[in-house]
$ cat entry-v7.cif   # mmCIF, C-alpha atoms
data_upload
loop_
_atom_site.label_atom_id
_atom_site.label_comp_id
_atom_site.auth_asym_id
_atom_site.auth_seq_id
_atom_site.Cartn_x
_atom_site.Cartn_y
_atom_site.Cartn_z
CA MET A 1 -6.66 0.46 -18.40
CA LEU A 2 -3.10 -0.19 -17.23
CA TYR A 3 -2.53 3.56 -16.95
CA VAL A 4 -5.68 3.92 -14.81
CA ILE A 5 -4.54 1.12 -12.48
CA GLN A 6 -1.05 2.57 -12.23
CA THR A 7 -2.35 6.06 -11.45
CA ALA A 8 -4.81 4.73 -8.86
CA LEU A 9 -2.01 2.87 -7.09
CA GLU A 10 0.27 5.92 -7.15
CA LEU A 11 -2.35 8.26 -5.72
CA GLY A 12 -3.56 5.59 -3.30
CA PHE A 13 -0.13 5.29 -1.72
CA MET A 14 0.42 9.05 -1.59
CA TYR A 15 -2.94 9.85 0.02
CA ALA A 16 -2.59 6.87 2.38
CA LEU A 17 -0.31 9.12 4.46
CA VAL A 18 -3.36 11.28 5.26
CA ALA A 19 -5.31 8.17 6.30
CA MET A 20 -2.43 7.17 8.60
CA ALA A 21 -2.39 10.69 10.06
CA LEU A 22 -6.12 10.50 10.79
CA PHE A 23 -5.64 7.04 12.27
CA LEU A 24 -3.22 8.58 14.76
CA SER A 25 -5.29 11.66 15.60
CA TYR A 26 -8.83 10.30 15.24
CA ARG A 27 -8.47 6.65 16.27
CA ILE A 28 -5.51 6.73 18.66
CA LEU A 29 -5.89 10.13 20.33
CA ASP A 30 -9.66 10.38 19.78
CA ILE A 31 -9.26 13.96 18.50
CA ALA A 32 -11.11 15.33 15.50
CA ASP A 33 -8.24 17.34 14.02
CA LEU A 34 -9.49 19.66 11.29
CA THR A 35 -6.03 21.04 10.56
CA THR A 36 -5.76 18.37 7.87
CA ASP A 37 -7.13 20.33 4.90
CA SER A 38 -4.76 23.30 5.17
CA GLY A 39 -1.96 21.10 6.52
CA PHE A 40 -2.02 19.15 3.26
CA VAL A 41 -1.79 22.37 1.24
CA LEU A 42 1.00 23.61 3.52
CA GLY A 43 3.04 20.49 2.76
CA ALA A 44 2.48 20.87 -0.98
CA ALA A 45 3.26 24.60 -0.95
CA VAL A 46 6.49 24.25 1.02
CA SER A 47 7.57 21.25 -1.04
CA VAL A 48 7.00 22.97 -4.38
CA ALA A 49 8.56 26.24 -3.23
CA VAL A 50 11.74 24.59 -1.92
CA ALA A 51 11.95 22.21 -4.90
CA ALA A 52 11.68 25.23 -7.22
CA ALA A 53 14.79 26.56 -5.48
CA GLY A 54 16.60 23.37 -6.52
CA HIS A 55 16.30 21.25 -3.39
CA PRO A 56 13.67 18.51 -3.96
CA LEU A 57 14.86 16.25 -1.12
CA LEU A 58 15.17 19.11 1.34
CA ALA A 59 11.69 20.15 0.22
CA ILE A 60 10.21 16.97 1.70
CA LEU A 61 11.96 17.50 5.04
CA ALA A 62 10.93 21.17 5.11
CA ALA A 63 7.30 20.22 4.41
CA ILE A 64 7.29 17.69 7.26
CA PHE A 65 8.73 20.30 9.62
CA ALA A 66 6.07 22.81 8.55
CA GLY A 67 3.37 20.20 9.21
CA VAL A 68 4.81 19.48 12.64
CA CYS A 69 4.68 23.20 13.43
CA ALA A 70 1.02 23.34 12.36
CA GLY A 71 0.25 20.38 14.60
CA PHE A 72 2.03 22.09 17.49
CA VAL A 73 -0.13 25.21 17.09
CA THR A 74 -3.31 23.11 17.13
CA ALA A 75 -2.10 21.18 20.19
CA PHE A 76 -1.10 24.42 21.96
CA LEU A 77 -4.54 25.94 21.40
CA GLN A 78 -6.18 22.79 22.68
CA THR A 79 -3.98 21.89 25.66
CA ARG A 80 -2.69 25.24 26.88
CA LEU A 81 -5.45 27.69 25.97
CA GLY A 82 -8.40 25.38 26.56
CA VAL A 83 -9.80 25.66 23.03
CA PRO A 84 -11.98 22.61 22.15
CA SER A 85 -10.20 20.24 19.78
CA ILE A 86 -12.54 20.85 16.83
CA LEU A 87 -12.33 24.65 17.20
CA ALA A 88 -8.55 24.48 17.63
CA GLY A 89 -8.29 22.67 14.30
CA ILE A 90 -10.62 25.17 12.63
CA VAL A 91 -8.63 28.14 13.97
CA THR A 92 -5.32 26.68 12.76
CA ASN A 93 -6.91 25.64 9.47
CA THR A 94 -8.14 29.21 8.91
CA GLY A 95 -4.81 30.80 9.82
CA LEU A 96 -2.88 28.43 7.56
CA TYR A 97 -4.76 29.74 4.53
CA THR A 98 -2.81 32.98 4.75
CA ILE A 99 0.43 31.16 5.59
CA ASN A 100 -0.02 28.96 2.51
CA LEU A 101 -0.58 32.01 0.30
CA MET A 102 2.55 33.55 1.79
CA VAL A 103 4.61 30.42 1.06
CA MET A 104 3.36 30.43 -2.53
CA GLY A 105 4.37 34.07 -3.03
CA TRP A 106 0.83 35.40 -2.54
CA SER A 107 -0.37 33.40 -5.53
CA SER A 108 -3.23 30.90 -5.47
CA ASN A 109 -1.05 28.33 -7.21
CA VAL A 110 2.60 27.66 -8.03
CA SER A 111 4.16 25.16 -10.37
CA LEU A 112 7.43 23.42 -11.11
CA LEU A 113 8.28 23.75 -14.78
CA LYS A 114 11.66 22.26 -15.59
CA GLN A 115 12.94 21.94 -12.03
CA GLU A 116 13.94 18.60 -10.62
CA THR A 117 11.66 16.64 -8.32
CA LEU A 118 12.14 13.39 -6.46
CA PHE A 119 10.26 11.67 -9.26
CA THR A 120 12.45 13.05 -12.05
CA MET A 121 15.56 12.20 -10.04
CA LEU A 122 14.43 8.59 -9.75
CA LYS A 123 13.43 8.51 -13.42
CA ASP A 124 16.93 9.62 -14.44
CA THR A 125 18.44 6.62 -12.63
CA GLY A 126 16.34 4.23 -14.71
CA ILE A 127 15.17 2.36 -11.59
CA GLY A 128 11.59 1.11 -11.83
CA GLY A 129 11.20 1.76 -15.54
CA SER A 130 7.77 3.19 -16.33
CA TRP A 131 6.64 2.34 -12.79
CA TYR A 132 9.12 4.70 -11.11
CA LYS A 133 6.37 6.96 -9.74
CA LEU A 134 4.62 4.02 -8.10
CA LEU A 135 7.92 2.72 -6.73
CA LEU A 136 8.74 6.06 -5.10
CA SER A 137 5.27 6.78 -3.71
CA ALA A 138 4.92 3.23 -2.36
CA GLY A 139 8.43 3.35 -0.87
CA ILE A 140 7.76 6.60 0.99
CA THR A 141 4.40 5.39 2.33
CA VAL A 142 5.67 1.96 3.37
CA LEU A 143 8.65 3.55 5.13
CA ALA A 144 6.38 6.03 6.93
CA GLY A 145 4.06 3.18 7.95
CA ILE A 146 6.94 1.11 9.33
CA VAL A 147 8.24 4.07 11.33
CA LEU A 148 4.73 4.82 12.66
CA VAL A 149 4.18 1.21 13.76
CA TRP A 150 7.61 1.17 15.42
CA PHE A 151 7.00 4.49 17.16
CA LEU A 152 3.61 3.48 18.55
CA GLY A 153 5.33 0.46 20.09
CA THR A 154 7.84 2.58 21.99
CA ARG A 155 7.27 3.86 25.51
CA LEU A 156 6.23 7.29 24.25
CA GLY A 157 4.03 5.72 21.61
CA LEU A 158 2.31 3.53 24.20
CA SER A 159 1.74 6.65 26.31
CA ILE A 160 0.10 8.37 23.34
CA ARG A 161 -2.13 5.34 22.80
CA ALA A 162 -3.05 5.31 26.49
CA THR A 163 -3.84 9.04 26.39
CA GLY A 164 -6.52 8.43 23.80
CA ASP A 165 -8.05 5.70 25.97
CA ASN A 166 -7.94 7.41 29.36
CA LYS A 167 -6.24 10.73 30.10
CA ASP A 168 -6.79 10.42 33.84
CA MET A 169 -5.06 7.04 33.96
CA VAL A 170 -2.11 8.45 32.02
CA ARG A 171 -1.91 11.43 34.37
CA ALA A 172 -2.01 9.07 37.37
CA SER A 173 0.93 7.18 35.85
CA SER A 174 3.05 10.36 35.99
CA VAL A 175 2.79 10.93 32.25
CA ASN A 176 1.82 14.42 31.09
CA PRO A 177 -1.12 14.08 28.65
CA ILE A 178 -0.42 17.58 27.34
CA PHE A 179 2.95 16.36 26.09
CA THR A 180 1.60 13.16 24.55
CA ILE A 181 -1.25 14.98 22.78
CA THR A 182 1.20 17.55 21.43
CA VAL A 183 3.58 14.89 20.12
CA GLY A 184 0.71 12.91 18.60
CA LEU A 185 -0.77 15.89 16.76
CA CYS A 186 2.67 17.01 15.57
CA ILE A 187 3.35 13.58 14.08
CA ALA A 188 -0.13 13.36 12.53
CA ASN A 189 0.20 16.74 10.86
CA GLY A 190 3.73 15.89 9.78
CA LEU A 191 2.32 12.87 7.95
CA THR A 192 -0.39 15.01 6.37
CA ALA A 193 2.20 17.54 5.18
CA LEU A 194 4.36 14.69 3.86
CA SER A 195 1.40 13.54 1.77
CA GLY A 196 0.94 17.06 0.41
CA ALA A 197 4.67 17.34 -0.28
CA VAL A 198 4.80 14.12 -2.31
CA VAL A 199 1.60 14.96 -4.20
CA GLY A 200 2.94 18.46 -4.91
CA GLN A 201 6.12 17.10 -6.51
CA TYR A 202 4.13 14.37 -8.26
CA GLN A 203 1.80 16.91 -9.87
CA LYS A 204 4.54 19.58 -10.11
CA SER A 205 2.17 22.14 -8.64
CA ALA A 206 0.47 23.36 -5.49
CA ASP A 207 -2.95 24.98 -5.36
CA ILE A 208 -4.50 26.83 -2.44
CA ASN A 209 -7.71 24.79 -2.81
CA SER A 210 -6.09 21.38 -3.29
CA GLY A 211 -6.72 20.42 0.34
CA THR A 212 -10.49 21.01 0.27
CA GLY A 213 -12.24 17.89 1.54
CA ILE A 214 -9.00 16.00 2.25
CA VAL A 215 -10.12 15.22 5.81
CA VAL A 216 -13.31 13.58 4.51
CA ILE A 217 -11.41 11.62 1.86
CA GLY A 218 -8.86 10.52 4.47
CA LEU A 219 -11.62 9.35 6.79
CA ALA A 220 -13.27 7.49 3.92
CA CYS A 221 -9.99 5.70 3.15
CA LEU A 222 -9.47 4.85 6.82
CA ILE A 223 -12.98 3.52 7.30
CA ILE A 224 -12.93 1.51 4.06
CA GLY A 225 -9.70 -0.13 5.18
CA GLU A 226 -11.05 -0.87 8.64
CA THR A 227 -14.18 -2.39 7.12
CA VAL A 228 -12.04 -4.75 5.03
CA PHE A 229 -9.35 -5.60 7.58
CA GLY A 230 -11.09 -4.87 10.87
CA ARG A 231 -9.57 -3.03 13.83
CA ARG A 232 -6.97 -5.26 15.45
CA SER A 233 -3.30 -4.54 16.06
CA ILE A 234 -1.50 -1.31 15.21
CA THR A 235 0.23 -3.00 12.28
CA VAL A 236 -3.05 -4.23 10.81
CA ASN A 237 -4.64 -0.81 11.32
CA VAL A 238 -1.82 0.95 9.47
CA ILE A 239 -2.03 -1.61 6.64
CA ALA A 240 -5.80 -1.05 6.59
CA ALA A 241 -5.28 2.71 6.19
CA VAL A 242 -3.02 2.15 3.18
CA ALA A 243 -5.30 -0.49 1.65
CA GLY A 244 -8.36 1.70 2.18
CA SER A 245 -6.70 4.57 0.36
CA ILE A 246 -5.84 2.34 -2.60
CA ILE A 247 -9.37 0.89 -2.69
CA TYR A 248 -10.84 4.40 -2.58
CA ARG A 249 -8.66 5.49 -5.48
CA PHE A 250 -9.74 2.45 -7.50
CA ILE A 251 -13.38 3.30 -6.80
CA TYR A 252 -12.63 6.88 -7.83
CA ALA A 253 -11.00 5.66 -11.05
CA VAL A 254 -13.96 3.41 -11.85
CA ILE A 255 -16.38 6.31 -11.38
CA LEU A 256 -14.25 8.54 -13.60
CA THR A 257 -13.96 5.98 -16.41
CA THR A 258 -17.50 4.58 -16.33
CA SER A 259 -19.50 7.64 -15.19
CA VAL A 260 -21.58 5.43 -12.85
CA VAL A 261 -21.89 8.48 -10.61
CA PRO A 262 -21.53 12.01 -12.02
CA ILE A 263 -18.11 13.36 -11.08
CA GLU A 264 -19.83 16.45 -9.64
CA CYS A 265 -21.51 14.19 -7.05
CA LEU A 266 -18.39 12.27 -6.02
CA LYS A 267 -17.69 14.28 -2.86
CA LEU A 268 -21.32 14.01 -1.81
CA VAL A 269 -21.12 10.22 -2.21
CA THR A 270 -17.86 10.21 -0.23
CA ALA A 271 -19.45 12.23 2.57
CA ILE A 272 -22.45 9.86 2.72
CA VAL A 273 -20.15 6.81 2.85
CA VAL A 274 -18.11 8.34 5.69
CA ALA A 275 -21.25 9.33 7.63
CA LEU A 276 -22.76 5.84 7.28
CA ALA A 277 -19.49 4.15 8.20
CA ILE A 278 -19.03 6.27 11.33
CA ALA A 279 -22.67 5.74 12.29
CA SER A 280 -22.53 1.99 11.56
CA PRO A 281 -22.21 0.91 15.25
CA ALA A 282 -25.33 2.90 16.15
CA LEU A 283 -27.13 1.62 13.05
CA LYS A 284 -26.24 -2.00 13.92
CA GLU A 285 -27.44 -1.47 17.48
CA TRP A 286 -30.69 0.04 16.21
CA ALA A 287 -31.20 -2.87 13.78
CA ALA A 288 -30.55 -5.41 16.54
CA PHE A 289 -33.02 -3.62 18.80
CA GLN A 290 -35.68 -3.63 16.09
CA LYS A 291 -35.07 -7.34 15.51
CA ARG A 292 -35.49 -8.10 19.22
CA LYS A 293 -38.59 -5.91 19.30
CA MET A 294 -40.16 -7.79 16.39
CA SER A 295 -39.30 -11.14 17.97
CA ALA A 296 -40.88 -10.08 21.24
CA ALA A 297 -43.99 -8.88 19.42
CA GLN A 298 -44.28 -12.21 17.58
CA ARG A 299 -43.93 -14.18 20.80
CA GLY A 300 -46.54 -11.95 22.45
CA GLY A 301 -48.93 -12.51 19.52
CA ASN A 302 -48.59 -16.26 19.85
#

$ encode --input "entry-v7.cif" --output "C-alpha cells"
Amino acid sequence: MLYVIQTALELGFMYALVAMALFLSYRILDIADLTTDSGFVLGAAVSVAVAAAGHPLLAILAAIFAGVCAGFVTAFLQTRLGVPSILAGIVTNTGLYTINLMVMGWSSNVSLLKQETLFTMLKDTGIGGSWYKLLLSAGITVLAGIVLVWFLGTRLGLSIRATGDNKDMVRASSVNPIFTITVGLCIANGLTALSGAVVGQYQKSADINSGTGIVVIGLACLIIGETVFGRRSITVNVIAAVAGSIIYRFIYAVILTTSVVPIECLKLVTAIVVALAIASPALKEWAAFQKRKMSAAQRGGN
C-alpha cells in the first residue's frame, strides 16, 4: 500500500505540469491547444535521447526548448496564418509525430539502460532515502508552479491574462495580442514537454504512443482540482492543478488495485468525467430552470 501511495504521489506531481500547462492555455488564454499529446512525447523523446548521450540535466533543458518551439509553431499557425486554434493544434500535433520518430532514431520507443538520469543522480547522493523520486518530482513541479505564479503576476503575465479575457481591450491598450498568445502557448507547451521529460527519465523510456489521451487526463486533473479548491486567485488555481493531478492518480491507483472499474474502461470514465465537469455550468443552469419551472407549475396548480 505504501508503494502505491508513493507511486501515485510521484506520478501526480509529474503529470501536474500538464495540468498547469492546460490551465495557462485553456483557462487563461481560452485556447483549446491540442498540441499537448505530441508535445508530451516530444519532451520525453528529447529528454531520453539527450540523457542517453550522457547529459541528463541538459536533457531537461533541451526538452523544454523543444516544447517551446512546438508551442511557437502552433501560435504561428493560429496568429499569423489564420488557422483556427483547434486546427492549429491538430496540425502541429500531427507533424510532431514524425519529428518524435526522428528524435527517437526512427524507432517507436527508446530506452535508457545503464545511463544516468536525474533520479539516479539524486539517489547516489543519498538525499531523500527511498523517497528520492518523490522529492525530485515534487521539487521540479513546485518550482515550476512558483515560477508560473510569479510570471503571471508580471506585466507580461498580466497582459497574457488580459488577452484571454478580451483581445480587443488588450489591443486598445497598445499590447500586441499576437505576441502575448505566442508567449503563452510557448510557455504552456514548454511545461508539457517538461512533464514528458521528467516522466521519460523516471520511466527510463520514451514511447511514440505515450502521449495518447494526455490532454484529456490533464483536463481531468485540472477540473478535479478546481472542483475541490474552486477558481480564485492564480496561486490557488495552480495549487488546484497540482492537487487535482495527485487526486486523479490516487483514483487511478484505487481502480488498478481494487478493479472497481475495468482498466480497459478507465479512459472512457475519464472522458465522461471531463465532459460532465466542463458541462457542469450548463447542467446547473438547466437544473435550476427545471426547479423554477416545477415551482411555477405548483403555484399555478394551487

$ residues_around --input "entry-v7.cif" --residues "Tyr248 of chain A" --least-positions-apart "4" --cutoff "8 Å" --atoms "all atoms listed in the file" --output "PyMOL selection string"
chain A and resi 12+220-221+224+244+252

$ resolve_selection --input "entry-v7.cif" --expression "the PyMOL selection byres ((chain A and resi 136) around 12)" --output "NGL selection string"
:A and (9-11 or 13-14 or 117-123 or 127-135 or 137-143 or 198-199 or 201-202)

$ residues_near_point --input "entry-v7.cif" --point "(-13.2, 23.5, 10.9)" --cutoff "12 Å" --atoms "all atoms listed in the file" --output "count of residues only"
25

$ closest_residue --input "entry-v7.cif" --among "A:Asn109, A:Asn189, A:Asn176, A:Ser245" --to "Ala16 of chain A" --atoms "only C-alpha atoms"
A:Ser245

$ closest_residue --input "entry-v7.cif" --among "A:Pro177, A:Val48, A:Phe151, A:Tyr15" --to "Thr79 of chain A" --atoms "only C-alpha atoms"
A:Pro177

$ resolve_selection --input "entry-v7.cif" --expression "the PyMOL selection byres ((chain A and resi 53) around 12)" --output "PyMOL selection string"
chain A and resi 46-52+54-59+111-117

$ resolve_selection --input "entry-v7.cif" --expression "the PyMOL selection byres ((chain A and resi 158) around 12)" --output "JSON list (two decimals) with C-alpha atoms, keeping the file's coordinate frame"
[["chain", "number", "residue", "atom", "x", "y", "z"],
["A", 28, "ILE", "CA", -5.51, 6.73, 18.66],
["A", 29, "LEU", "CA", -5.89, 10.13, 20.33],
["A", 148, "LEU", "CA", 4.73, 4.82, 12.66],
["A", 149, "VAL", "CA", 4.18, 1.21, 13.76],
["A", 150, "TRP", "CA", 7.61, 1.17, 15.42],
["A", 151, "PHE", "CA", 7.00, 4.49, 17.16],
["A", 152, "LEU", "CA", 3.61, 3.48, 18.55],
["A", 153, "GLY", "CA", 5.33, 0.46, 20.09],
["A", 154, "THR", "CA", 7.84, 2.58, 21.99],
["A", 155, "ARG", "CA", 7.27, 3.86, 25.51],
["A", 156, "LEU", "CA", 6.23, 7.29, 24.25],
["A", 157, "GLY", "CA", 4.03, 5.72, 21.61],
["A", 159, "SER", "CA", 1.74, 6.65, 26.31],
["A", 160, "ILE", "CA", 0.10, 8.37, 23.34],
["A", 161, "ARG", "CA", -2.13, 5.34, 22.80],
["A", 162, "ALA", "CA", -3.05, 5.31, 26.49],
["A", 163, "THR", "CA", -3.84, 9.04, 26.39],
["A", 164, "GLY", "CA", -6.52, 8.43, 23.80],
["A", 165, "ASP", "CA", -8.05, 5.70, 25.97],
["A", 170, "VAL", "CA", -2.11, 8.45, 32.02],
["A", 175, "VAL", "CA", 2.79, 10.93, 32.25],
["A", 177, "PRO", "CA", -1.12, 14.08, 28.65],
["A", 180, "THR", "CA", 1.60, 13.16, 24.55],
["A", 184, "GLY", "CA", 0.71, 12.91, 18.60],
["A", 234, "ILE", "CA", -1.50, -1.31, 15.21]]

$ decode --input "entry-v7.cif" --residues "segment 190-203 of chain A" --atoms "C-alpha atoms" --output "compact mmCIF listing (two decimals), in the first residue's frame"
# COMPACT_ATOMS: atom_id res chain seq x y z
CA GLY A 190 7.28 24.10 -22.50
CA LEU A 191 5.56 22.90 -19.33
CA THR A 192 4.02 19.97 -21.20
CA ALA A 193 7.42 18.98 -22.60
CA LEU A 194 8.94 19.33 -19.12
CA SER A 195 6.37 16.85 -17.84
CA GLY A 196 7.25 14.44 -20.64
CA ALA A 197 10.97 14.92 -19.96
CA VAL A 198 10.66 14.10 -16.26
CA VAL A 199 8.37 11.12 -16.92
CA GLY A 200 10.78 9.87 -19.61
CA GLN A 201 13.73 9.86 -17.20
CA TYR A 202 11.53 8.45 -14.43
CA GLN A 203 10.47 5.51 -16.59
